[in-house]
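Student: I am attaching a structure below and will ask some questions about it afterwards.
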Amino acid sequence: MSLSKKLKHISASLLLTASSSTLADTQLPISPEKIHNPYPEVKVTTLNSAQSLIKQFELHQYQLANVSSTDKIPPFFVENLPSDLNSLPVQEKISGFIRLLLPTIIEVNKRISAVRNDVITLSKQPKSEWSKEETVWLNDLMASYDIKPNNIDDLLLRLNIIPVGMVLAQGIDESGWGTSYFAVKGNGLYGEHLSSKGGKYLSTPGGHVKVAAFDNLFAGTARYMYNLNTTAAYKDLWILRKKLSSEGKLSGYELVESLSHYSTRGDAYVENLQSLIKHHQLDSFDNVTFNNAAPIRIRFTH
């Protein structure tokens with residue numbers, strides 16, 4: 001049966017779930033880097049300090065110990081960073097930064113998985129059974145990932161999640177635990193330079209380097225994952241991820257081995273990421289999913 005004839009229930013925590021057909025009922029999943037309004041349509045809570053965020057975490061019983069023991073997390077979406085994370089005690093800053101970014105990483109990966117799962121489902125069906133919408137959707141994906149038409153295996157090599165621990169570690173390293181100018185002002189946590197295709201950016205003093213800027217943390221995280229999945233320089237990452245996945249060993253600690261080209265620091269950069277992952281147990285969040293609590297949106301005024 002055509003994928004387009006399946007209906008899936010849309011959950012409260014995921015705005016655009018997988019699969020589609022009659023467009024009046026549901027939609028084919030949109031790749032997260034293309035989503036303009038990624039957050040739940042709930043009232044935004046406006047805050048002005050890192051300490052006020054910590055109080056919100058406590059109010060909603062959002063503690064890392066609870067996450068570790070239950071593998072559940074509240075759909076607690078922080079749109080941007082406070083400007084004063086450094087004002088917190090060190091351990092509070094560490095746990096605060098992980099907590100504010102973790103739901104965004106999980107949501108972006110969830111959306112990538114929704115797209116990937118529908119590609120896999122389509123790939124198992126004769127093309128003659130694909131709807132027009134499905135054919136257009138898949139062709140657009142191929143073009144977006146710079147894949148030759150009909151090469152679904154190549155698409156699936158690239159279109160996959162990035163382990164939570166790896167994303168956290170790179171966000172920590174590149175943004176100085178969420179305190180860098182580019183992170184606070186431009187929601188750019190991952191040290192990405194302005195794309196050749198253009199976009200928003202911030203400049204270093206003198207304007208010699210243009211760093212990509214984004215509307216919110218979701219957009220910055222989604223674009224970072226998309227860049228890893230589409231830039232030919234990371235082919236080693238795609239291959240290693242496939243190997244580790246097939247062996248049931250995919251983790252941030254293992255996958256960062258493929259990132260020596262990400263930074264001019266080379267192997268030292270990889271070693272630092274692995275140290276962060278190990279010391280802060282960042283790979284312990286790989287199986288975390290959202291609980292059934294009502295979604296929360298936080299936005300900081302600077």
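Here, A, B, ... name the chains of the structure tokens in the order displayed, residue numbers run from 1 inside each chain, and ligands are numbered from 1 in the same displayed order.
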Could you pull out all residues of segment 55-258 of chain A with a DSSP call of alpha helix (DSSP H) and give them as a VMD selection string?
Tutor: chain A and resid 55 to 59 64 to 70 90 to 123 132 to 144 152 to 158 164 to 175 181 to 186 217 to 230 235 to 246 252 to 255
Student: For segment 193-268 of chain A versus segment 282-294 of chain A, which residues have an atom no more than 9 Å away, and what is each residue's nearest atom pair and distance in Å rounded to one decimal, using only C-alpha atoms, chain-then-number order, as CSV?
Tutor:
residue,atom,partner,partner_atom,distance
A:Ser251,CA,A:Asp283,CA,6.4
A:Gly252,CA,A:Asp283,CA,6.1
A:Tyr253,CA,A:Asp283,CA,7.2
Student: Neighbouring residues of segment 114-116 of chain A were defined as those with any atom within 10 Å, considering only C-alpha atoms; residues of the same chain fewer than 5 positions away were excluded. Please report them as a PyMOL selection string.
Tutor: chain A and resi 16-19+28-32+108-109+121-122+138+141+155-156+158-161
Student: Could those selected residues go to a file with N, CA, C and O atoms, as an mmCIF file, in the first residue's frame?
Tutor:
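After the write, result.cif holds the following:
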data_model
loop_
_atom_site.group_PDB
_atom_site.id
_atom_site.type_symbol
_atom_site.label_atom_id
_atom_site.label_comp_id
_atom_site.auth_asym_id
_atom_site.auth_seq_id
_atom_site.Cartn_x
_atom_site.Cartn_y
_atom_site.Cartn_z
ATOM 1 N N LEU A 16 5.435 18.251 13.359
ATOM 2 C CA LEU A 16 5.314 17.684 12.011
ATOM 3 C C LEU A 16 5.816 16.260 12.060
ATOM 4 O O LEU A 16 6.994 16.023 11.969
ATOM 5 N N THR A 17 4.961 15.305 12.232
ATOM 6 C CA THR A 17 5.429 13.937 12.275
ATOM 7 C C THR A 17 5.507 13.374 10.887
ATOM 8 O O THR A 17 5.213 14.018 9.926
ATOM 9 N N ALA A 18 5.867 12.140 10.846
ATOM 10 C CA ALA A 18 6.226 11.506 9.612
ATOM 11 C C ALA A 18 5.139 11.395 8.589
ATOM 12 O O ALA A 18 4.485 11.927 8.360
ATOM 13 N N SER A 19 4.574 11.187 7.826
ATOM 14 C CA SER A 19 4.132 10.540 6.674
ATOM 15 C C SER A 19 2.957 11.186 6.027
ATOM 16 O O SER A 19 2.211 11.779 6.597
ATOM 17 N N LEU A 28 3.952 15.229 4.555
ATOM 18 C CA LEU A 28 5.236 14.552 4.580
ATOM 19 C C LEU A 28 6.169 15.358 5.474
ATOM 20 O O LEU A 28 6.080 16.580 5.520
ATOM 21 N N PRO A 29 7.057 14.706 6.211
ATOM 22 C CA PRO A 29 7.901 15.429 7.161
ATOM 23 C C PRO A 29 8.855 16.389 6.453
ATOM 24 O O PRO A 29 9.392 16.083 5.394
ATOM 25 N N ILE A 30 9.054 17.520 7.060
ATOM 26 C CA ILE A 30 9.956 18.533 6.524
ATOM 27 C C ILE A 30 11.306 18.396 7.217
ATOM 28 O O ILE A 30 11.382 18.243 8.443
ATOM 29 N N SER A 31 12.377 18.460 6.456
ATOM 30 C CA SER A 31 13.715 18.432 7.048
ATOM 31 C C SER A 31 13.864 19.604 8.010
ATOM 32 O O SER A 31 13.445 20.721 7.700
ATOM 33 N N PRO A 32 14.447 19.370 9.187
ATOM 34 C CA PRO A 32 14.448 20.418 10.225
ATOM 35 C C PRO A 32 15.108 21.721 9.806
ATOM 36 O O PRO A 32 14.696 22.791 10.258
ATOM 37 N N VAL A 108 15.484 17.989 16.994
ATOM 38 C CA VAL A 108 16.048 18.005 15.634
ATOM 39 C C VAL A 108 16.306 16.574 15.154
ATOM 40 O O VAL A 108 15.961 16.205 14.023
ATOM 41 N N ASN A 109 16.912 15.760 16.006
ATOM 42 C CA ASN A 109 17.148 14.360 15.632
ATOM 43 C C ASN A 109 15.846 13.613 15.376
ATOM 44 O O ASN A 109 15.760 12.763 14.475
ATOM 45 N N THR A 121 10.671 3.674 4.057
ATOM 46 C CA THR A 121 9.392 3.071 3.705
ATOM 47 C C THR A 121 9.136 3.171 2.202
ATOM 48 O O THR A 121 8.723 2.191 1.563
ATOM 49 N N LEU A 122 9.388 4.340 1.633
ATOM 50 C CA LEU A 122 9.210 4.509 0.189
ATOM 51 C C LEU A 122 10.133 3.602 -0.603
ATOM 52 O O LEU A 122 9.748 3.047 -1.635
ATOM 53 N N LEU A 138 10.610 13.311 -2.432
ATOM 54 C CA LEU A 138 11.869 12.575 -2.458
ATOM 55 C C LEU A 138 12.874 13.233 -3.403
ATOM 56 O O LEU A 138 14.069 13.337 -3.083
ATOM 57 N N LEU A 141 14.383 16.136 -1.668
ATOM 58 C CA LEU A 141 15.379 15.682 -0.690
ATOM 59 C C LEU A 141 16.700 15.352 -1.376
ATOM 60 O O LEU A 141 17.779 15.727 -0.891
ATOM 61 N N LEU A 155 21.503 8.615 -0.302
ATOM 62 C CA LEU A 155 20.750 9.536 0.542
ATOM 63 C C LEU A 155 20.704 9.038 1.982
ATOM 64 O O LEU A 155 20.931 9.809 2.935
ATOM 65 N N LEU A 156 20.435 7.761 2.161
ATOM 66 C CA LEU A 156 20.330 7.208 3.515
ATOM 67 C C LEU A 156 21.678 7.181 4.232
ATOM 68 O O LEU A 156 21.726 7.188 5.470
ATOM 69 N N ARG A 158 23.711 9.615 4.176
ATOM 70 C CA ARG A 158 23.892 10.973 4.695
ATOM 71 C C ARG A 158 22.773 11.408 5.641
ATOM 72 O O ARG A 158 23.024 12.128 6.611
ATOM 73 N N LEU A 159 21.564 10.998 5.323
ATOM 74 C CA LEU A 159 20.385 11.452 6.061
ATOM 75 C C LEU A 159 20.204 10.618 7.317
ATOM 76 O O LEU A 159 19.558 9.573 7.310
ATOM 77 N N ASN A 160 20.805 11.084 8.409
ATOM 78 C CA ASN A 160 20.739 10.316 9.652
ATOM 79 C C ASN A 160 21.022 11.251 10.821
ATOM 80 O O ASN A 160 21.502 12.375 10.640
ATOM 81 N N ILE A 161 20.750 10.765 12.006
ATOM 82 C CA ILE A 161 20.922 11.579 13.205
ATOM 83 C C ILE A 161 22.408 11.786 13.527
ATOM 84 O O ILE A 161 23.274 11.058 13.050
#
Student: How far is it from atom CA of Met225 of chain A to atom CA of Tyr190 of chain A, in Å with one decimal?
Tutor: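 Atom CA of Tyr190 of chain A lies at a distance of 9.8 Å from atom CA of Met225 of chain A.
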Student: Taking into account only C-alpha atoms, which residue in the set A:Gln63, A:Ser245, A:Ser52, A:Thr301 is nearest to Ser87 of chain A?
Tutor: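 Checking each candidate against Ser87 of chain A, we get A:Ser52 as the closest.
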Student: Which one is closest to Ser49 of chain A: A:Pro89, A:Phe300, A:Leu217, A:Phe77? Count only C-alpha atoms.
Tutor: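 The closest residue to Ser49 of chain A is A:Phe300.
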Student: In Å, with one decimal, what is the gap from atom CA of Asp118 of chain A to atom CA of Asp140 of chain A?
Tutor: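 Separating atom CA of Asp118 of chain A from atom CA of Asp140 of chain A is a distance of 13.8 Å.
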Student: Please provide the set of residues having any atom within 9 Å of Val256 of chain A, restricted to only C-alpha atoms, with same-chain residues fewer than 4 positions apart removed, written as a VMD selection string.
Tutor: chain A and resid 166 237 251 to 252 260 270 to 271 273 to 274
Student: Taking N, CA and C atoms for each residue, export the selection above as a short mmCIF file (atom, residue, chain, number, x, y, z; two decimals), in the first residue's frame.
Tutor:
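Result written to part.cif:
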data_model
loop_
_atom_site.label_atom_id
_atom_site.label_comp_id
_atom_site.auth_asym_id
_atom_site.auth_seq_id
_atom_site.Cartn_x
_atom_site.Cartn_y
_atom_site.Cartn_z
N MET A 166 27.77 13.96 20.90
CA MET A 166 28.64 14.67 19.96
C MET A 166 28.16 16.10 19.76
N LEU A 237 32.67 10.65 8.28
CA LEU A 237 31.66 10.58 9.33
C LEU A 237 30.49 9.71 8.89
N SER A 251 27.75 6.11 18.97
CA SER A 251 27.79 7.03 20.12
C SER A 251 28.59 8.26 19.72
N GLY A 252 28.41 9.31 20.49
CA GLY A 252 29.18 10.52 20.23
C GLY A 252 30.66 10.29 20.39
N SER A 260 38.36 15.17 12.67
CA SER A 260 39.67 15.85 12.70
C SER A 260 39.73 16.99 11.69
N VAL A 270 39.56 16.50 18.44
CA VAL A 270 38.85 15.23 18.68
C VAL A 270 39.06 14.76 20.12
N GLU A 271 40.28 14.83 20.58
CA GLU A 271 40.58 14.38 21.94
C GLU A 271 39.85 15.22 22.98
N LEU A 273 36.96 16.79 22.51
CA LEU A 273 35.55 16.40 22.46
C LEU A 273 35.32 15.10 23.22
N GLN A 274 36.19 14.14 23.02
CA GLN A 274 36.04 12.86 23.73
C GLN A 274 36.18 13.04 25.24
#
Student: Under the rule that only C-alpha atoms are counted, which of A:Lys249, A:Lys124, A:Lys235, A:Lys185 is the nearest residue to Ser83 of chain A?
Tutor: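 Nearest to Ser83 of chain A: A:Lys185.
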Student: Just checking: using only C-alpha atoms, which residue out of A:Gly171, A:Gly96, A:Pro38, A:Gly178 ends up closest to Glu58 of chain A?
Tutor: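 The answer is A:Gly96, which sits nearest to Glu58 of chain A.
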Student: Please determine, counting only C-alpha atoms, which residue among A:Ala212, A:Leu53, A:Leu64, A:Val78 has the shortest atom-to-atom distance to Ile298 of chain A.
Tutor: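 Using only C-alpha atoms, Ile298 of chain A sits closest to A:Val78.
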Student: Check the smallest atom-to-atom distance from each of A:His279, A:Arg299, A:Lys200, A:Lys43 to Ile94 of chain A using only C-alpha atoms, then report the winner.
Tutor: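 Closest to Ile94 of chain A of all the choices is A:His279.
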Student: Could you please determine the separation between atom CA of Ile239 of chain A and atom CA of Leu157 of chain A in Å, to one decimal place?
Tutor: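 So the answer is 7.3 Å.
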Student: Report as a ChimeraX atom specification: the residues of segment 6-150 of chain A with a DSSP assignment of strand (DSSP E or B), based on the backbone of this structure.
Tutor: /A:44-47,72-73,76-78
Student: So that I have them on file, write out the residues from the current selection with all heavy atoms, as a PDB file, in the first residue's frame.
Tutor:
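result14.pdb, freshly written:
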ATOM      1  N   VAL A  44       4.895  32.109  25.159  1.00  0.00           N
ATOM      2  CA  VAL A  44       6.330  32.208  25.403  1.00  0.00           C
ATOM      3  C   VAL A  44       6.582  32.844  26.771  1.00  0.00           C
ATOM      4  O   VAL A  44       5.995  33.886  27.100  1.00  0.00           O
ATOM      5  CB  VAL A  44       7.021  33.060  24.312  1.00  0.00           C
ATOM      6  CG1 VAL A  44       8.505  33.239  24.630  1.00  0.00           C
ATOM      7  CG2 VAL A  44       6.842  32.417  22.947  1.00  0.00           C
ATOM      8  N   THR A  45       7.427  32.205  27.568  1.00  0.00           N
ATOM      9  CA  THR A  45       7.862  32.781  28.837  1.00  0.00           C
ATOM     10  C   THR A  45       9.140  33.572  28.587  1.00  0.00           C
ATOM     11  O   THR A  45      10.130  33.018  28.092  1.00  0.00           O
ATOM     12  CB  THR A  45       8.131  31.688  29.883  1.00  0.00           C
ATOM     13  OG1 THR A  45       6.925  30.954  30.124  1.00  0.00           O
ATOM     14  CG2 THR A  45       8.615  32.289  31.187  1.00  0.00           C
ATOM     15  N   THR A  46       9.111  34.855  28.913  1.00  0.00           N
ATOM     16  CA  THR A  46      10.268  35.710  28.677  1.00  0.00           C
ATOM     17  C   THR A  46      11.087  35.838  29.954  1.00  0.00           C
ATOM     18  O   THR A  46      10.551  36.159  31.025  1.00  0.00           O
ATOM     19  CB  THR A  46       9.817  37.111  28.214  1.00  0.00           C
ATOM     20  OG1 THR A  46       9.013  36.975  27.036  1.00  0.00           O
ATOM     21  CG2 THR A  46      11.016  37.980  27.893  1.00  0.00           C
ATOM     22  N   LEU A  47      12.385  35.587  29.825  1.00  0.00           N
ATOM     23  CA  LEU A  47      13.306  35.682  30.953  1.00  0.00           C
ATOM     24  C   LEU A  47      14.433  36.661  30.623  1.00  0.00           C
ATOM     25  O   LEU A  47      14.656  36.999  29.462  1.00  0.00           O
ATOM     26  CB  LEU A  47      13.893  34.311  31.291  1.00  0.00           C
ATOM     27  CG  LEU A  47      12.912  33.172  31.614  1.00  0.00           C
ATOM     28  CD1 LEU A  47      13.671  31.879  31.855  1.00  0.00           C
ATOM     29  CD2 LEU A  47      12.037  33.523  32.815  1.00  0.00           C
ATOM     30  N   LYS A  72      13.604  10.247  30.237  1.00  0.00           N
ATOM     31  CA  LYS A  72      12.537  11.146  29.808  1.00  0.00           C
ATOM     32  C   LYS A  72      12.935  12.590  30.082  1.00  0.00           C
ATOM     33  O   LYS A  72      13.649  12.880  31.053  1.00  0.00           O
ATOM     34  CB  LYS A  72      11.219  10.831  30.541  1.00  0.00           C
ATOM     35  CG  LYS A  72      10.607   9.487  30.179  1.00  0.00           C
ATOM     36  CD  LYS A  72      10.090   9.493  28.744  1.00  0.00           C
ATOM     37  CE  LYS A  72       9.410   8.175  28.400  1.00  0.00           C
ATOM     38  NZ  LYS A  72       8.924   8.161  26.995  1.00  0.00           N
ATOM     39  N   ILE A  73      12.439  13.471  29.219  1.00  0.00           N
ATOM     40  CA  ILE A  73      12.772  14.882  29.347  1.00  0.00           C
ATOM     41  C   ILE A  73      11.524  15.700  29.037  1.00  0.00           C
ATOM     42  O   ILE A  73      10.723  15.314  28.174  1.00  0.00           O
ATOM     43  CB  ILE A  73      13.919  15.242  28.366  1.00  0.00           C
ATOM     44  CG1 ILE A  73      14.517  16.598  28.663  1.00  0.00           C
ATOM     45  CG2 ILE A  73      13.474  15.177  26.932  1.00  0.00           C
ATOM     46  CD1 ILE A  73      15.765  16.891  27.848  1.00  0.00           C
ATOM     47  N   PHE A  76      10.936  21.159  26.832  1.00  0.00           N
ATOM     48  CA  PHE A  76      11.284  22.459  27.411  1.00  0.00           C
ATOM     49  C   PHE A  76      12.206  23.171  26.422  1.00  0.00           C
ATOM     50  O   PHE A  76      13.417  22.975  26.436  1.00  0.00           O
ATOM     51  CB  PHE A  76      12.001  22.213  28.746  1.00  0.00           C
ATOM     52  CG  PHE A  76      12.016  23.376  29.690  1.00  0.00           C
ATOM     53  CD1 PHE A  76      11.334  23.326  30.893  1.00  0.00           C
ATOM     54  CD2 PHE A  76      12.723  24.534  29.394  1.00  0.00           C
ATOM     55  CE1 PHE A  76      11.361  24.390  31.780  1.00  0.00           C
ATOM     56  CE2 PHE A  76      12.759  25.598  30.266  1.00  0.00           C
ATOM     57  CZ  PHE A  76      12.072  25.538  31.467  1.00  0.00           C
ATOM     58  N   PHE A  77      11.643  24.010  25.565  1.00  0.00           N
ATOM     59  CA  PHE A  77      12.411  24.577  24.454  1.00  0.00           C
ATOM     60  C   PHE A  77      12.892  25.996  24.769  1.00  0.00           C
ATOM     61  O   PHE A  77      12.076  26.909  24.947  1.00  0.00           O
ATOM     62  CB  PHE A  77      11.581  24.566  23.175  1.00  0.00           C
ATOM     63  CG  PHE A  77      11.224  23.176  22.731  1.00  0.00           C
ATOM     64  CD1 PHE A  77       9.936  22.684  22.887  1.00  0.00           C
ATOM     65  CD2 PHE A  77      12.194  22.342  22.184  1.00  0.00           C
ATOM     66  CE1 PHE A  77       9.617  21.388  22.492  1.00  0.00           C
ATOM     67  CE2 PHE A  77      11.878  21.042  21.795  1.00  0.00           C
ATOM     68  CZ  PHE A  77      10.592  20.572  21.952  1.00  0.00           C
ATOM     69  N   VAL A  78      14.201  26.136  24.831  1.00  0.00           N
ATOM     70  CA  VAL A  78      14.824  27.437  25.055  1.00  0.00           C
ATOM     71  C   VAL A  78      15.261  27.980  23.704  1.00  0.00           C
ATOM     72  O   VAL A  78      16.073  27.371  23.012  1.00  0.00           O
ATOM     73  CB  VAL A  78      16.024  27.315  26.016  1.00  0.00           C
ATOM     74  CG1 VAL A  78      16.649  28.679  26.269  1.00  0.00           C
ATOM     75  CG2 VAL A  78      15.590  26.674  27.337  1.00  0.00           C
TER      76      VAL A  78
END
